[in-house]
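A.B. asks: Here you go, model12.cif (mmCIF, C-alpha atoms):
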data_upload
#
loop_
_atom_site.label_atom_id
_atom_site.label_comp_id
_atom_site.auth_asym_id
_atom_site.auth_seq_id
_atom_site.Cartn_x
_atom_site.Cartn_y
_atom_site.Cartn_z
CA MET H 1 70.52 128.14 139.61
CA GLY H 2 69.68 128.17 135.89
CA LYS H 3 71.32 124.85 135.07
CA GLN H 4 69.20 123.07 137.69
CA TRP H 5 66.18 123.32 135.44
CA SER H 6 67.97 122.28 132.22
CA ASP H 7 66.32 118.86 131.97
CA LEU H 8 62.79 120.11 132.67
CA PRO H 9 59.96 120.52 130.13
CA GLY H 10 59.99 123.74 128.11
CA MET H 11 57.28 126.34 127.70
CA TRP H 12 53.79 125.21 128.53
CA ASP H 13 50.47 126.54 129.74
CA ASP H 14 46.99 125.27 130.61
CA THR H 15 45.86 125.36 126.97
CA ARG H 16 47.36 121.87 126.53
CA ARG H 17 44.81 120.26 128.81
CA GLU H 18 45.76 116.71 127.92
CA ASP H 19 49.15 117.02 129.61
CA SER H 20 48.91 120.13 131.79
CA GLN H 21 48.47 118.06 134.96
CA GLU H 22 51.55 116.04 134.09
CA LYS H 23 53.55 119.25 133.65
CA ILE H 24 52.21 120.65 136.94
CA MET H 25 53.45 117.53 138.70
CA ALA H 26 56.82 117.83 136.96
CA ALA H 27 57.12 121.43 138.16
CA GLN H 28 56.18 120.38 141.71
CA ASP H 29 58.83 117.69 141.66
CA ALA H 30 61.51 120.06 140.39
CA VAL H 31 60.72 122.87 142.85
CA HIS H 32 60.54 120.41 145.75
CA LYS H 33 63.86 118.86 144.79
CA VAL H 34 65.69 122.18 144.64
CA ILE H 35 64.29 123.31 148.01
CA ILE H 36 65.31 120.06 149.71
CA GLU H 37 68.75 119.86 148.07
CA GLY H 38 69.38 123.54 148.71
CA SER H 39 68.97 123.00 152.48
CA ARG H 40 66.53 125.90 152.64
CA ILE H 41 64.46 124.28 155.38
CA SER H 42 65.03 122.48 158.64
CA ALA H 43 62.97 120.59 161.17
CA ASP H 44 62.48 123.86 163.07
CA ASN H 45 60.70 125.69 160.26
CA LEU H 46 58.36 123.05 158.83
CA ASN H 47 55.25 125.21 158.78
CA ARG H 48 53.35 126.65 155.86
CA GLU H 49 53.66 130.32 156.82
CA PHE H 50 57.44 130.13 156.91
CA LEU H 51 57.67 128.03 153.75
CA VAL H 52 55.38 130.06 151.45
CA PRO H 53 58.00 132.72 150.49
CA ILE H 54 60.69 130.03 150.08
CA VAL H 55 58.50 128.00 147.72
CA GLU H 56 57.45 131.16 145.83
CA ALA H 57 61.10 132.13 145.30
CA ALA H 58 62.02 128.64 144.08
CA LEU H 59 59.00 128.62 141.74
CA ASP H 60 59.98 132.03 140.32
CA GLU H 61 63.47 130.67 139.62
CA TYR H 62 61.98 127.62 137.94
CA VAL H 63 59.76 129.77 135.69
CA ALA H 64 62.65 132.08 134.79
CA ASP H 65 65.22 129.37 134.13
CA SER H 66 63.04 126.76 132.41
CA GLY H 67 60.99 129.14 130.29
CA ALA H 68 57.79 127.59 131.62
CA LEU H 69 54.61 129.62 131.28
CA LEU H 70 52.22 129.05 134.19
CA THR H 71 48.74 130.41 134.52
CA GLY H 72 47.62 131.64 137.92
CA LYS H 73 45.67 128.44 138.54
CA ALA H 74 48.62 126.22 137.58
CA ARG H 75 50.96 128.26 139.77
CA ARG H 76 48.63 127.83 142.77
CA GLU H 77 48.49 124.08 142.15
CA VAL H 78 52.29 123.86 142.06
CA MET H 79 52.59 125.89 145.26
CA LYS H 80 50.04 123.77 147.09
CA GLY H 81 51.57 120.52 145.86
CA VAL H 82 55.06 121.50 147.04
CA LEU H 83 53.81 122.66 150.43
CA ASP H 84 51.80 119.44 150.88
CA GLU H 85 54.93 117.48 149.98
CA ILE H 86 57.14 119.23 152.53
CA VAL H 87 54.71 119.76 155.43
CA GLY H 88 52.29 116.88 154.81
CA TYR H 89 52.06 113.68 152.83
CA GLY H 90 51.85 114.84 149.23
CA PRO H 91 48.78 113.97 147.13
CA ILE H 92 46.95 112.27 150.01
CA GLN H 93 47.15 115.29 152.33
CA ASP H 94 43.78 116.64 151.10
CA LEU H 95 42.26 113.21 151.77
CA LEU H 96 43.66 113.20 155.29
CA ASN H 97 42.14 116.65 155.85
CA ASP H 98 38.71 115.60 154.52
CA ASN H 99 36.52 114.67 157.50
CA GLU H 100 34.19 112.64 155.25
CA VAL H 101 37.01 110.27 154.26
CA THR H 102 37.31 107.38 156.71
CA GLU H 103 39.79 105.19 154.83
CA ILE H 104 42.42 105.80 152.14
CA MET H 105 43.46 102.87 149.92
CA VAL H 106 46.50 103.30 147.67
CA ASN H 107 46.61 100.35 145.25
CA GLY H 108 49.50 101.82 143.28
CA PHE H 109 50.91 105.26 142.54
CA ASN H 110 48.03 106.12 140.19
CA LYS H 111 45.17 104.19 141.85
CA ILE H 112 43.98 105.84 145.06
CA TYR H 113 40.53 105.06 146.47
CA VAL H 114 38.73 106.41 149.53
CA GLU H 115 35.83 105.34 151.68
CA LYS H 116 33.15 108.00 152.10
CA ARG H 117 29.86 107.38 153.88
CA GLY H 118 30.57 103.66 153.76
CA LYS H 119 31.18 103.58 149.98
CA ILE H 120 34.53 103.09 148.23
CA VAL H 121 35.10 105.58 145.39
CA PRO H 122 38.08 106.81 143.31
CA SER H 123 39.81 109.78 144.95
CA GLY H 124 40.97 111.60 141.82
CA LYS H 125 44.47 111.85 143.33
CA VAL H 126 47.69 110.27 142.01
CA PHE H 127 51.36 110.06 142.92
CA ARG H 128 53.88 110.84 140.20
CA ASN H 129 55.41 107.36 140.19
CA ASN H 130 56.33 104.46 142.47
CA GLN H 131 59.37 106.34 143.79
CA HIS H 132 57.15 109.24 144.85
CA LEU H 133 54.82 106.87 146.70
CA LEU H 134 57.78 105.13 148.38
CA ARG H 135 59.11 108.50 149.52
CA ILE H 136 55.82 109.29 151.27
CA ILE H 137 55.73 105.83 152.89
CA ASP H 138 59.28 106.38 154.16
CA LYS H 139 58.26 109.79 155.48
CA ILE H 140 55.54 108.09 157.55
CA VAL H 141 57.54 105.17 158.96
CA THR H 142 61.07 106.61 159.44
CA PRO H 143 60.23 108.99 162.34
CA LEU H 144 58.78 105.99 164.17
CA GLY H 145 62.05 104.08 163.97
CA ARG H 146 60.57 101.68 161.44
CA ARG H 147 61.82 100.74 158.01
CA ILE H 148 60.40 99.34 154.81
CA ASP H 149 62.65 97.84 152.17
CA GLU H 150 63.17 94.60 150.29
CA ALA H 151 64.33 92.84 153.46
CA SER H 152 61.33 94.14 155.43
CA PRO H 153 58.64 94.80 152.78
CA MET H 154 55.62 95.14 155.10
CA VAL H 155 55.05 97.63 157.90
CA ASP H 156 52.37 98.87 160.29
CA ALA H 157 52.69 102.45 161.48
CA ARG H 158 50.72 105.34 162.87
CA LEU H 159 50.41 108.97 161.78
CA PRO H 160 50.85 111.70 164.40
CA ASP H 161 47.05 112.08 164.62
CA GLY H 162 46.67 108.37 165.45
CA SER H 163 45.55 107.13 162.01
CA ARG H 164 46.64 103.54 161.32
CA VAL H 165 48.88 102.91 158.31
CA ASN H 166 49.74 99.62 156.62
CA ALA H 167 52.19 99.56 153.71
CA VAL H 168 53.39 96.69 151.52
CA ILE H 169 56.04 96.96 148.80
CA SER H 170 57.84 94.69 146.33
CA PRO H 171 58.49 91.76 146.31
CA LEU H 172 55.27 91.08 148.27
CA SER H 173 53.17 93.59 146.32
CA LEU H 174 53.56 92.72 142.66
CA GLY H 175 51.84 95.85 141.30
CA GLY H 176 54.04 98.35 143.12
CA PRO H 177 53.85 99.87 146.61
CA THR H 178 50.46 99.85 148.34
CA MET H 179 49.26 101.69 151.42
CA THR H 180 46.07 101.64 153.49
CA ILE H 181 45.23 104.34 156.03
CA ARG H 182 42.42 103.91 158.57
CA LYS H 183 41.78 107.49 159.64
CA PHE H 184 41.59 108.49 163.28
CA ALA H 185 38.51 110.46 164.22
CA ARG H 186 39.63 113.84 165.56
CA ILE H 187 36.40 114.16 167.53
CA PRO H 188 35.34 110.80 168.99
CA TYR H 189 31.80 109.65 168.31
CA MET H 190 29.48 109.91 171.28
CA SER H 191 26.69 107.51 172.24
CA GLU H 192 24.03 109.78 170.73
CA ASP H 193 25.89 109.67 167.39
CA LEU H 194 25.26 105.93 167.09
CA VAL H 195 21.54 106.59 167.52
CA LYS H 196 21.63 109.49 165.06
CA PHE H 197 23.38 107.32 162.44
CA GLU H 198 20.80 104.57 163.13
CA THR H 199 23.54 102.14 164.11
CA MET H 200 21.29 101.23 167.03
CA THR H 201 18.14 102.55 168.69
CA GLN H 202 17.91 104.60 171.86
CA THR H 203 16.46 101.54 173.65
CA MET H 204 19.41 99.38 172.58
CA LEU H 205 21.85 102.07 173.70
CA LYS H 206 20.14 102.27 177.10
CA PHE H 207 20.33 98.48 177.40
CA LEU H 208 24.06 98.48 176.62
CA GLU H 209 24.63 101.35 179.04
CA CYS H 210 23.00 99.21 181.76
CA CYS H 211 25.27 96.31 180.72
CA VAL H 212 28.38 98.47 181.05
CA ARG H 213 27.36 100.00 184.38
CA SER H 214 26.41 96.54 185.69
CA ARG H 215 29.95 95.35 184.91
CA LEU H 216 29.01 92.74 182.32
CA ASN H 217 31.78 91.47 180.05
CA ILE H 218 31.14 92.51 176.45
CA LEU H 219 32.51 91.23 173.14
CA ILE H 220 31.95 93.38 170.06
CA SER H 221 32.17 91.29 166.90
CA GLY H 222 31.93 92.11 163.21
CA GLY H 223 33.74 92.22 159.91
CA THR H 224 36.47 94.59 158.75
CA GLY H 225 35.25 98.18 158.62
CA SER H 226 31.97 97.40 160.40
CA GLY H 227 32.60 99.98 163.13
CA LYS H 228 33.69 97.71 165.99
CA THR H 229 36.28 100.12 167.38
CA THR H 230 33.85 103.05 167.23
CA THR H 231 31.27 101.09 169.20
CA LEU H 232 33.93 99.91 171.67
CA ASN H 233 34.98 103.52 172.19
CA VAL H 234 31.37 104.58 172.82
CA LEU H 235 30.68 101.75 175.27
CA SER H 236 34.00 102.36 177.06
CA SER H 237 33.03 106.01 177.48
CA LEU H 238 30.06 104.85 179.59
CA ILE H 239 32.33 103.40 182.28
CA PRO H 240 32.02 105.46 185.50
CA HIS H 241 34.75 108.06 186.04
CA ASP H 242 35.77 106.68 189.43
CA GLU H 243 37.07 103.39 187.96
CA ARG H 244 40.63 102.60 186.84
CA ILE H 245 40.63 101.62 183.15
CA ILE H 246 43.53 100.01 181.31
CA THR H 247 43.31 99.98 177.50
CA ILE H 248 45.45 97.66 175.41
CA GLU H 249 45.74 98.08 171.64
CA ASP H 250 47.99 97.39 168.67
CA ALA H 251 47.63 101.03 167.62
CA ALA H 252 46.06 103.34 170.18
CA GLU H 253 42.69 104.44 168.77
CA LEU H 254 40.39 104.60 171.79
CA GLN H 255 39.71 108.13 173.00
CA LEU H 256 38.36 107.73 176.51
CA GLN H 257 37.48 110.89 178.40
CA GLN H 258 37.67 109.44 181.92
CA ASP H 259 40.35 110.72 184.28
CA HIS H 260 41.81 107.38 185.41
CA VAL H 261 42.91 105.74 182.16
CA VAL H 262 46.19 103.92 181.44
CA ILE H 263 46.89 103.44 177.73
CA LEU H 264 49.12 100.54 176.69
CA GLU H 265 50.21 99.90 173.10
CA SER H 266 51.97 96.83 171.72
CA ARG H 267 55.37 97.23 170.09
CA PRO H 268 56.63 95.46 166.95
CA PRO H 269 60.16 94.06 166.77
CA ASN H 270 62.95 96.49 165.88
CA ILE H 271 65.21 96.29 162.85
CA GLU H 272 67.19 93.47 164.49
CA GLY H 273 63.95 91.55 165.15
CA LYS H 274 64.11 92.16 168.91
CA GLY H 275 62.09 94.08 171.48
CA GLU H 276 58.60 92.98 170.47
CA ILE H 277 55.88 93.45 173.10
CA THR H 278 52.68 91.58 172.22
CA ILE H 279 49.06 92.17 173.18
CA ARG H 280 49.22 88.95 175.20
CA GLN H 281 52.14 90.25 177.27
CA LEU H 282 50.30 93.51 177.90
CA VAL H 283 47.13 91.71 179.01
CA ARG H 284 49.14 89.67 181.50
CA ASN H 285 50.93 92.77 182.76
CA ALA H 286 47.66 94.70 183.08
CA LEU H 287 46.48 92.19 185.68
CA ARG H 288 49.31 93.43 187.95
CA MET H 289 48.23 97.06 187.57
CA ARG H 290 45.11 96.87 189.76
CA PRO H 291 42.59 97.47 186.95
CA ASP H 292 38.87 97.92 187.51
CA ARG H 293 38.31 97.37 183.80
CA ILE H 294 40.47 96.01 181.00
CA VAL H 295 39.60 97.14 177.48
CA VAL H 296 41.45 95.28 174.69
CA GLY H 297 41.13 96.90 171.27
CA GLU H 298 41.03 93.54 169.50
CA VAL H 299 41.80 89.93 170.32
CA ARG H 300 43.18 87.96 167.41
CA GLY H 301 45.41 85.31 168.97
CA GLY H 302 46.54 83.67 172.19
CA GLU H 303 45.71 86.75 174.24
CA ALA H 304 42.07 85.59 174.09
CA LEU H 305 42.88 82.96 176.75
CA ASP H 306 44.40 85.55 179.10
CA MET H 307 41.47 87.88 178.50
CA LEU H 308 38.94 85.15 179.34
CA GLN H 309 40.86 84.19 182.46
CA ALA H 310 40.92 87.83 183.57
CA MET H 311 37.16 88.07 183.04
CA ASN H 312 36.69 84.89 185.07
CA THR H 313 38.86 86.04 187.97
CA GLY H 314 37.27 89.22 189.18
CA HIS H 315 37.81 91.66 186.34
CA ASP H 316 34.14 92.07 185.44
CA GLY H 317 33.08 94.79 183.05
CA SER H 318 35.92 94.20 180.60
CA MET H 319 35.46 94.65 176.85
CA THR H 320 37.12 93.68 173.60
CA THR H 321 36.45 93.21 169.88
CA ALA H 322 36.99 90.32 167.47
CA HIS H 323 36.51 89.67 163.77
CA ALA H 324 33.53 87.40 163.15
CA ASN H 325 30.54 87.01 160.83
CA SER H 326 27.89 86.40 163.51
CA PRO H 327 27.57 86.02 167.29
CA ARG H 328 27.83 82.24 166.89
CA ASP H 329 30.92 82.63 164.75
CA ALA H 330 32.38 84.94 167.42
CA THR H 331 32.32 82.14 170.02
CA SER H 332 33.93 79.75 167.52
CA ARG H 333 36.63 82.33 166.81
CA LEU H 334 37.32 82.66 170.53
CA GLU H 335 37.74 78.87 170.74
CA THR H 336 40.27 78.96 167.91
CA MET H 337 42.18 81.86 169.48
CA VAL H 338 42.39 80.08 172.84
CA LEU H 339 43.91 77.07 171.07
CA MET H 340 46.44 79.46 169.45
CA ALA H 341 47.71 80.18 172.97
CA GLY H 342 49.12 76.66 173.04
CA ALA H 343 46.89 75.57 175.89
CA GLU H 344 46.06 71.88 175.62
CA LEU H 345 42.50 72.20 176.86
CA PRO H 346 39.55 70.06 175.79
CA VAL H 347 36.99 71.90 173.69
CA ARG H 348 34.35 71.63 176.41
CA ALA H 349 36.67 73.31 178.93
CA ILE H 350 37.31 76.15 176.48
CA ARG H 351 33.59 76.60 175.88
CA GLU H 352 32.92 76.65 179.60
CA GLN H 353 35.53 79.39 179.95
CA ILE H 354 33.82 81.40 177.21
CA SER H 355 30.30 80.89 178.53
CA SER H 356 31.23 81.92 182.07
CA ALA H 357 33.43 84.86 181.03
CA MET H 358 31.33 86.50 178.30
CA HIS H 359 27.93 87.95 179.08
CA VAL H 360 26.99 89.91 175.95
CA ILE H 361 27.99 89.81 172.27
CA VAL H 362 27.30 92.97 170.27
CA HIS H 363 27.51 92.08 166.59
CA GLN H 364 27.95 94.84 164.04
CA SER H 365 27.79 94.71 160.22
CA ARG H 366 28.41 97.01 157.31
CA LEU H 367 25.42 96.59 155.01
CA SER H 368 25.29 96.77 151.22
CA ASP H 369 24.52 100.51 151.22
CA GLY H 370 27.58 101.25 153.37
CA SER H 371 25.60 101.82 156.57
CA ARG H 372 26.80 100.25 159.79
CA LYS H 373 24.26 98.54 162.02
CA VAL H 374 24.32 96.62 165.26
CA THR H 375 22.51 93.56 163.92
CA HIS H 376 22.51 91.50 167.14
CA ILE H 377 22.77 92.10 170.85
CA THR H 378 23.06 88.56 172.15
CA GLU H 379 23.22 87.08 175.63
CA VAL H 380 25.68 84.27 176.24
CA HIS H 381 23.13 82.13 178.07
CA GLY H 382 25.39 79.35 179.37
CA MET H 383 26.09 75.75 178.41
CA GLU H 384 23.77 72.95 177.35
CA GLY H 385 25.69 69.74 176.96
CA ASP H 386 28.85 70.61 175.05
CA ASN H 387 27.39 73.67 173.35
CA ILE H 388 27.34 77.37 174.23
CA ILE H 389 23.76 78.66 174.26
CA LEU H 390 23.19 82.11 172.73
CA GLN H 391 19.98 84.11 173.02
CA ASP H 392 19.29 87.20 170.91
CA VAL H 393 17.92 90.16 172.87
CA PHE H 394 17.78 92.68 169.99
CA THR H 395 18.16 92.12 166.26
CA PHE H 396 18.07 94.13 163.04
CA GLN H 397 15.47 92.81 160.61
CA GLN H 398 16.21 93.77 157.01
CA GLU H 399 13.08 94.27 154.92
CA GLY H 400 14.52 95.06 151.50
CA ILE H 401 16.35 97.74 149.52
CA THR H 402 14.97 101.03 148.21
CA GLU H 403 15.27 102.11 144.58
CA ASP H 404 18.27 104.29 145.42
CA GLY H 405 20.06 101.35 147.08
CA HIS H 406 19.39 102.07 150.76
CA VAL H 407 18.73 99.14 153.06
CA LYS H 408 15.26 99.11 154.62
CA GLY H 409 14.76 97.50 157.98
CA GLN H 410 14.29 98.05 161.68
CA HIS H 411 15.74 97.10 165.02
CA ALA H 412 13.47 95.10 167.28
CA SER H 413 13.46 93.37 170.63
CA THR H 414 13.03 89.61 170.55
CA GLY H 415 10.96 89.81 173.74
CA LEU H 416 13.27 87.36 175.52
CA ARG H 417 14.46 88.38 178.97
CA PRO H 418 18.20 87.92 179.59
CA ARG H 419 19.20 86.22 182.82
CA PHE H 420 21.29 89.17 183.99
CA LEU H 421 18.35 91.59 184.40
CA ASP H 422 18.54 90.94 188.16
CA ARG H 423 22.14 92.11 188.02
CA PHE H 424 20.94 95.44 186.60
CA LYS H 425 18.94 95.97 189.81
CA GLN H 426 21.96 95.11 191.96
CA TYR H 427 23.86 97.95 190.30
CA GLY H 428 20.93 100.37 190.45
CA GLN H 429 20.15 100.20 186.72
CA ASP H 430 16.51 100.40 185.73
CA PHE H 431 15.69 98.94 182.32
CA PRO H 432 12.08 98.05 181.49
CA MET H 433 12.48 95.21 178.98
CA PRO H 434 10.44 95.89 175.80
CA THR H 435 8.23 93.21 174.34
CA SER H 436 8.71 91.93 170.81
#
Would you put the structure from the file into structure tokens?

C.D. replies:
Amino acid sequence: MGKQWSDLPGMWDDTRREDSQEKIMAAQDAVHKVIIEGSRISADNLNREFLVPIVEAALDEYVADSGALLTGKARREVMKGVLDEIVGYGPIQDLLNDNEVTEIMVNGFNKIYVEKRGKIVPSGKVFRNNQHLLRIIDKIVTPLGRRIDEASPMVDARLPDGSRVNAVISPLSLGGPTMTIRKFARIPYMSEDLVKFETMTQTMLKFLECCVRSRLNILISGGTGSGKTTTLNVLSSLIPHDERIITIEDAAELQLQQDHVVILESRPPNIEGKGEITIRQLVRNALRMRPDRIVVGEVRGGEALDMLQAMNTGHDGSMTTAHANSPRDATSRLETMVLMAGAELPVRAIREQISSAMHVIVHQSRLSDGSRKVTHITEVHGMEGDNIILQDVFTFQQEGITEDGHVKGQHASTGLRPRFLDRFKQYGQDFPMPTS
């Protein structure tokens, strides 16, 4: 065993603070390498309790053979780092375990940022080098039958807990491998959480609950990271338990608690470029599965046409999300996506499809202080000439920013009565419309 440590750094301790972390990482790398190459573990014993004595023994050998001098604190760091490497995902494992972290952004092996409470901040974590980062990316994608290499330098994947992973490497990423992880909430947010976080008011939530139970078609729009999927999950949870729900997503994130739920997930092409199943194909197939409701995680292409046609042919109460900057922009985006389906339809015909299919647009934004707000609940009022008429029912009115950077403002009713209030009564929903 002694010769295995011959190329490692010599005696060191924590008194050399300027490079102690570098030496800790070198020790972690060496101990990890010997454990893996020594075939001391297998897929059947990848748990911390089993691995602790194995890692301790390998670390003792490293200390004895290399002449390294480790303090108790440094030894604990090495142990934890090796265990995280074998059982988890190395330096980012602590970030994955941190419930306050909602997104992890790896811009390079030594530049890792996280989103906490809506703000992006440095994580304080680093990989040893690009090869270390690539090894962790491979560890994520390989069990899923995916690959990432020079021929296929971009990949979408999913961690076992459902968190979404996107990785890009050279030659597309010029600064080294990058990785972005959108974390999956272990405990799904409930409707009362959106009120507690001031995303919307109790009155707005009650209004949307009436919309869901009255089988209105709902589009949730907003920018990246604005909380669209969270709101979609909350609204979907309000669907009655006696209805058959089919969810369609790129990466399954929705966590519906109803009994009668069918979860469909798209599939990327395999290594040979075959076998792809798109969202559009799944939407079409869902229509043959006798759904009461269809919930599409996000429309971003030609599937928008199939979704609108489903909404217009008896599948009321369906929901989806789309990237957009405003409710008006959301309708324009839908027009563009319908055209992406290859349908040679005049613009007016497309707009008529949208105006008759969609009833409500819920627009959500992430504000400058990191908070997420539903800024508009808007009725799709119909057509006037060649234009879709939108009517705001609730809005968020920003009033300024406090000295510590928090956005001041309040949600308010516009006082306008949507046309579908009569539909609420048909479904037994009582909602006294507030005045402005």

A.B. asks: So that I can see what lies close to Phe207 of chain H, please list as a count of residues only the residues with an atom at most 12 Å from it, counting all atoms listed in the file and leaving out residues fewer than 2 positions away in the same chain.

C.D. replies: 34

A.B. asks: If you count only C-alpha atoms, which residues fall within 7 Å of Leu308 of chain H, apart from same-chain ones fewer than 3 positions away, as a list in words?

C.D. replies: Ala304, Leu305, Met311, Asn312, Gln353, Ile354 and Ala357 of chain H

A.B. asks: For this file, the PyMOL selection byres ((chain H and resi 114-128) around 9) selects which residues, as an MDAnalysis selection string?

C.D. replies: chainID H and resid 22 25:26 29 90:92 95 100:106 108:113 129:133 225 366:367 369:372

A.B. asks: Please, could you write that set of residues out with C-alpha atoms as a short mmCIF file (atom, residue, chain, number, x, y, z; two decimals), in the frame of the given file?

C.D. replies:
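Output file selection32.cif follows:
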data_model
loop_
_atom_site.label_atom_id
_atom_site.label_comp_id
_atom_site.auth_asym_id
_atom_site.auth_seq_id
_atom_site.Cartn_x
_atom_site.Cartn_y
_atom_site.Cartn_z
CA GLU H 22 51.55 116.04 134.09
CA MET H 25 53.45 117.53 138.70
CA ALA H 26 56.82 117.83 136.96
CA ASP H 29 58.83 117.69 141.66
CA GLY H 90 51.85 114.84 149.23
CA PRO H 91 48.78 113.97 147.13
CA ILE H 92 46.95 112.27 150.01
CA LEU H 95 42.26 113.21 151.77
CA GLU H 100 34.19 112.64 155.25
CA VAL H 101 37.01 110.27 154.26
CA THR H 102 37.31 107.38 156.71
CA GLU H 103 39.79 105.19 154.83
CA ILE H 104 42.42 105.80 152.14
CA MET H 105 43.46 102.87 149.92
CA VAL H 106 46.50 103.30 147.67
CA GLY H 108 49.50 101.82 143.28
CA PHE H 109 50.91 105.26 142.54
CA ASN H 110 48.03 106.12 140.19
CA LYS H 111 45.17 104.19 141.85
CA ILE H 112 43.98 105.84 145.06
CA TYR H 113 40.53 105.06 146.47
CA ASN H 129 55.41 107.36 140.19
CA ASN H 130 56.33 104.46 142.47
CA GLN H 131 59.37 106.34 143.79
CA HIS H 132 57.15 109.24 144.85
CA LEU H 133 54.82 106.87 146.70
CA GLY H 225 35.25 98.18 158.62
CA ARG H 366 28.41 97.01 157.31
CA LEU H 367 25.42 96.59 155.01
CA ASP H 369 24.52 100.51 151.22
CA GLY H 370 27.58 101.25 153.37
CA SER H 371 25.60 101.82 156.57
CA ARG H 372 26.80 100.25 159.79
#

A.B. asks: Can you work out which one of H:His260, H:Gln391, H:Arg215, H:Arg284 has the shortest atom-to-atom distance to Arg423 of chain H, counting all atoms listed in the file?

C.D. replies: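 Of the candidates, the smallest distance to Arg423 of chain H is held by H:Arg215.
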
A.B. asks: Taking the file as shown, what set of residues would the PyMOL selection byres ((chain H and resi 84) around 12) give back, as number ranges by chain?

C.D. replies: H: 28-29, 32, 46-48, 51-52, 55, 77-83, 85-97, 136

A.B. asks: Counting all atoms listed in the file, which residue out of H:Asp156, H:Leu134, H:Ile140, H:Glu150 sits closest to Thr178 of chain H?

C.D. replies: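 The answer is H:Leu134, which sits nearest to Thr178 of chain H.
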
A.B. asks: Please report, as AutoDock Vina command-line options, the centre and edge lengths in Å to one decimal of an axis-aligned box covering all listed atoms of segment 367-378 of chain H with 8 Å per side.

C.D. replies:
--center_x 25.0 --center_y 95.2 --center_z 161.7 --size_x 21.1 --size_y 29.3 --size_z 36.9

A.B. asks: Ranking H:Glu276, H:Glu198, H:Asn387, H:Arg288 by minimum distance to Gly409 of chain H and counting all atoms listed in the file, which one comes first?

C.D. replies: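 Closest candidate: H:Glu198.
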